[in-house]
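Asker: The structure that follows is given in the form of structure tokens.
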There are 2 protein chains.
Amino acid sequence: MKLTFEVTISRKPGLSDPEGTTTLKALHHLGYSGVERASFGRVISIDIEAKNERAARELVDQMCTKLLANPVIESYAIDLAT
Amino acid sequence: MKLTFEVTISRKPGLSDPEGTTTLKALHHLGYSGVERASFGRVISIDIEAKNERAARELVDQMCTKLLANPVIESYAIDLAT
């Protein structure tokens, strides 16, 4: 069966997020003073052929630790796309 | 009221996605032959203070077209974070 997963990768709390900080400043300069925080992450959409959802999810989890995310500074969430 | 939105930005279909293509090759080299597609996007989490959800969503939509996304090559989705 073919499944699509969405992997969302974000920085662990407490780590600096230069893109977010810069974006927040830019938004304030544009007049959006109500914005209190902006933080960036990546989302990777993956189509995978596997026996079942459980096997596919385990493979995607392996890919995250091996290649897609940096587990030292990033956390990730794996969701089945509807 | 304070609301958190998740803005997901992805390339419009048909445009090349060099990060996705390279990641797909890398995953195949690592032995994950079942992966058929990998595509990258950004996700921006925004905390905003506004009168109500409708007003906040409209502001976030403006930010997307003015700063966060490139409407020529990217599409975006705005979701209220739960």
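Just remember, in the structure tokens the first chain shown is A, the second B, etc., residues are 1-based per chain, and ligands are 1-based in the order shown.
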Pick out the residues sitting within 6 Å of region 29-45 of chain A, and hand them over as a VMD selection string; count only C-alpha atoms, and ignore anything fewer than 5 positions along from it in its own chain.
Answerer: (chain A and resid 5 to 10 20 24) or (chain B and resid 38 to 49)
Asker: Leaving out Leu15 (chain B) and any residue of its chain fewer than 6 positions from it, which residues lie within 12 Å of it when counting only C-alpha atoms, given as a ChimeraX atom specification?
Answerer: /B:21,39-40,72-75
Asker: Over every C-alpha pair, in sequence order, do a least-squares fit of chain A onto chain B and save the fitted chain as a PDB file with C-alpha atoms, in the first residue's frame.
Answerer:
```pdb
ATOM      1  CA  MET A   1      -7.141  37.317  22.481  1.00  0.00           C
ATOM      2  CA  LYS A   2      -3.915  35.517  21.685  1.00  0.00           C
ATOM      3  CA  LEU A   3      -3.964  32.968  18.893  1.00  0.00           C
ATOM      4  CA  THR A   4      -1.388  30.665  17.351  1.00  0.00           C
ATOM      5  CA  PHE A   5      -1.454  29.964  13.630  1.00  0.00           C
ATOM      6  CA  GLU A   6       0.558  27.478  11.624  1.00  0.00           C
ATOM      7  CA  VAL A   7       1.374  28.675   8.127  1.00  0.00           C
ATOM      8  CA  THR A   8       2.468  25.865   5.798  1.00  0.00           C
ATOM      9  CA  ILE A   9       4.201  27.019   2.646  1.00  0.00           C
ATOM     10  CA  SER A  10       4.874  24.656  -0.232  1.00  0.00           C
ATOM     11  CA  ARG A  11       5.913  24.990  -3.835  1.00  0.00           C
ATOM     12  CA  LYS A  12       3.219  25.041  -6.440  1.00  0.00           C
ATOM     13  CA  PRO A  13       2.841  21.715  -8.285  1.00  0.00           C
ATOM     14  CA  GLY A  14       5.080  21.292 -11.307  1.00  0.00           C
ATOM     15  CA  LEU A  15       7.912  23.443  -9.997  1.00  0.00           C
ATOM     16  CA  SER A  16      11.235  21.787  -9.357  1.00  0.00           C
ATOM     17  CA  ASP A  17      12.066  20.954  -5.746  1.00  0.00           C
ATOM     18  CA  PRO A  18      15.860  20.453  -5.580  1.00  0.00           C
ATOM     19  CA  GLU A  19      15.851  19.663  -1.849  1.00  0.00           C
ATOM     20  CA  GLY A  20      13.177  17.021  -2.383  1.00  0.00           C
ATOM     21  CA  THR A  21      14.972  15.449  -5.344  1.00  0.00           C
ATOM     22  CA  THR A  22      18.273  15.288  -3.466  1.00  0.00           C
ATOM     23  CA  THR A  23      16.607  13.860  -0.360  1.00  0.00           C
ATOM     24  CA  LEU A  24      14.852  11.201  -2.425  1.00  0.00           C
ATOM     25  CA  LYS A  25      18.184  10.109  -3.932  1.00  0.00           C
ATOM     26  CA  ALA A  26      19.829  10.056  -0.510  1.00  0.00           C
ATOM     27  CA  LEU A  27      17.013   7.926   0.914  1.00  0.00           C
ATOM     28  CA  HIS A  28      17.377   5.448  -1.949  1.00  0.00           C
ATOM     29  CA  HIS A  29      21.130   5.290  -1.331  1.00  0.00           C
ATOM     30  CA  LEU A  30      20.422   4.538   2.326  1.00  0.00           C
ATOM     31  CA  GLY A  31      18.296   1.582   1.216  1.00  0.00           C
ATOM     32  CA  TYR A  32      14.811   3.058   1.549  1.00  0.00           C
ATOM     33  CA  SER A  33      13.736   1.959  -1.914  1.00  0.00           C
ATOM     34  CA  GLY A  34      10.020   2.159  -1.020  1.00  0.00           C
ATOM     35  CA  VAL A  35      10.102   5.954  -0.938  1.00  0.00           C
ATOM     36  CA  GLU A  36       8.521   7.343  -4.101  1.00  0.00           C
ATOM     37  CA  ARG A  37       8.489  11.066  -3.432  1.00  0.00           C
ATOM     38  CA  ALA A  38       9.901  13.550  -0.931  1.00  0.00           C
ATOM     39  CA  SER A  39       8.999  17.208  -1.103  1.00  0.00           C
ATOM     40  CA  PHE A  40       9.969  20.083   1.144  1.00  0.00           C
ATOM     41  CA  GLY A  41       8.031  22.975   2.565  1.00  0.00           C
ATOM     42  CA  ARG A  42       8.294  25.467   5.405  1.00  0.00           C
ATOM     43  CA  VAL A  43       6.085  25.803   8.407  1.00  0.00           C
ATOM     44  CA  ILE A  44       5.920  29.067  10.330  1.00  0.00           C
ATOM     45  CA  SER A  45       4.262  29.195  13.714  1.00  0.00           C
ATOM     46  CA  ILE A  46       2.930  32.646  14.611  1.00  0.00           C
ATOM     47  CA  ASP A  47       1.530  33.943  17.907  1.00  0.00           C
ATOM     48  CA  ILE A  48      -0.662  36.953  17.335  1.00  0.00           C
ATOM     49  CA  GLU A  49      -2.758  39.213  19.559  1.00  0.00           C
ATOM     50  CA  ALA A  50      -5.999  40.274  17.835  1.00  0.00           C
ATOM     51  CA  LYS A  51      -9.662  41.082  18.474  1.00  0.00           C
ATOM     52  CA  ASN A  52     -10.963  37.796  17.151  1.00  0.00           C
ATOM     53  CA  GLU A  53     -10.004  34.813  15.029  1.00  0.00           C
ATOM     54  CA  ARG A  54     -11.292  36.325  11.815  1.00  0.00           C
ATOM     55  CA  ALA A  55      -9.240  39.522  12.208  1.00  0.00           C
ATOM     56  CA  ALA A  56      -6.156  37.506  13.147  1.00  0.00           C
ATOM     57  CA  ARG A  57      -6.519  35.182  10.161  1.00  0.00           C
ATOM     58  CA  GLU A  58      -6.836  38.142   7.809  1.00  0.00           C
ATOM     59  CA  LEU A  59      -3.636  39.682   9.214  1.00  0.00           C
ATOM     60  CA  VAL A  60      -1.760  36.396   8.816  1.00  0.00           C
ATOM     61  CA  ASP A  61      -3.007  36.124   5.243  1.00  0.00           C
ATOM     62  CA  GLN A  62      -1.651  39.627   4.526  1.00  0.00           C
ATOM     63  CA  MET A  63       1.708  38.697   6.078  1.00  0.00           C
ATOM     64  CA  CYS A  64       1.900  35.671   3.796  1.00  0.00           C
ATOM     65  CA  THR A  65       1.441  37.665   0.602  1.00  0.00           C
ATOM     66  CA  LYS A  66       3.682  40.522   1.765  1.00  0.00           C
ATOM     67  CA  LEU A  67       6.559  38.711   3.408  1.00  0.00           C
ATOM     68  CA  LEU A  68       6.317  35.040   4.287  1.00  0.00           C
ATOM     69  CA  ALA A  69       5.527  33.368   0.967  1.00  0.00           C
ATOM     70  CA  ASN A  70       6.388  34.056  -2.634  1.00  0.00           C
ATOM     71  CA  PRO A  71       2.961  33.892  -4.291  1.00  0.00           C
ATOM     72  CA  VAL A  72       4.494  33.433  -7.738  1.00  0.00           C
ATOM     73  CA  ILE A  73       5.964  30.020  -6.938  1.00  0.00           C
ATOM     74  CA  GLU A  74       4.500  29.062  -3.566  1.00  0.00           C
ATOM     75  CA  SER A  75       1.106  28.301  -2.116  1.00  0.00           C
ATOM     76  CA  TYR A  76       0.267  28.549   1.561  1.00  0.00           C
ATOM     77  CA  ALA A  77      -2.276  27.241   4.033  1.00  0.00           C
ATOM     78  CA  ILE A  78      -3.181  28.918   7.324  1.00  0.00           C
ATOM     79  CA  ASP A  79      -4.367  26.730  10.178  1.00  0.00           C
ATOM     80  CA  LEU A  80      -5.316  27.649  13.708  1.00  0.00           C
ATOM     81  CA  ALA A  81      -3.123  25.605  16.035  1.00  0.00           C
ATOM     82  CA  THR A  82      -5.075  23.629  18.612  1.00  0.00           C
TER      83      THR A  82
END
```
Asker: Run DSSP on the backbone and grab whatever in chain B lands in helix (DSSP H, G or I); send it over as a ChimeraX atom specification.
Answerer: /B:18-29,53-68
Asker: Can I get the selection written as a PDB file, in the first residue's frame, with C-alpha atoms?
Answerer:
```
ATOM      1  CA  PRO B  18      15.848  20.454  -5.580  1.00  0.00           C
ATOM      2  CA  GLU B  19      15.856  19.662  -1.854  1.00  0.00           C
ATOM      3  CA  GLY B  20      13.184  17.015  -2.383  1.00  0.00           C
ATOM      4  CA  THR B  21      14.976  15.447  -5.341  1.00  0.00           C
ATOM      5  CA  THR B  22      18.292  15.277  -3.478  1.00  0.00           C
ATOM      6  CA  THR B  23      16.624  13.859  -0.369  1.00  0.00           C
ATOM      7  CA  LEU B  24      14.862  11.195  -2.446  1.00  0.00           C
ATOM      8  CA  LYS B  25      18.198  10.112  -3.953  1.00  0.00           C
ATOM      9  CA  ALA B  26      19.844  10.054  -0.518  1.00  0.00           C
ATOM     10  CA  LEU B  27      17.025   7.922   0.903  1.00  0.00           C
ATOM     11  CA  HIS B  28      17.391   5.454  -1.976  1.00  0.00           C
ATOM     12  CA  HIS B  29      21.133   5.287  -1.353  1.00  0.00           C
ATOM     13  CA  GLU B  53     -10.009  34.842  15.022  1.00  0.00           C
ATOM     14  CA  ARG B  54     -11.308  36.342  11.803  1.00  0.00           C
ATOM     15  CA  ALA B  55      -9.247  39.528  12.202  1.00  0.00           C
ATOM     16  CA  ALA B  56      -6.158  37.516  13.137  1.00  0.00           C
ATOM     17  CA  ARG B  57      -6.516  35.189  10.162  1.00  0.00           C
ATOM     18  CA  GLU B  58      -6.833  38.149   7.815  1.00  0.00           C
ATOM     19  CA  LEU B  59      -3.635  39.689   9.212  1.00  0.00           C
ATOM     20  CA  VAL B  60      -1.753  36.390   8.828  1.00  0.00           C
ATOM     21  CA  ASP B  61      -3.006  36.116   5.245  1.00  0.00           C
ATOM     22  CA  GLN B  62      -1.648  39.623   4.533  1.00  0.00           C
ATOM     23  CA  MET B  63       1.722  38.688   6.079  1.00  0.00           C
ATOM     24  CA  CYS B  64       1.901  35.655   3.801  1.00  0.00           C
ATOM     25  CA  THR B  65       1.437  37.644   0.616  1.00  0.00           C
ATOM     26  CA  LYS B  66       3.685  40.520   1.767  1.00  0.00           C
ATOM     27  CA  LEU B  67       6.559  38.692   3.421  1.00  0.00           C
ATOM     28  CA  LEU B  68       6.324  35.023   4.290  1.00  0.00           C
TER      29      LEU B  68
END
```
Asker: Taking the DSSP assignment computed from this structure's backbone, write out as a ChimeraX atom specification all residues of chain A that belong to strand (DSSP E or B).
Answerer: /A:2-11,35-49,74-80
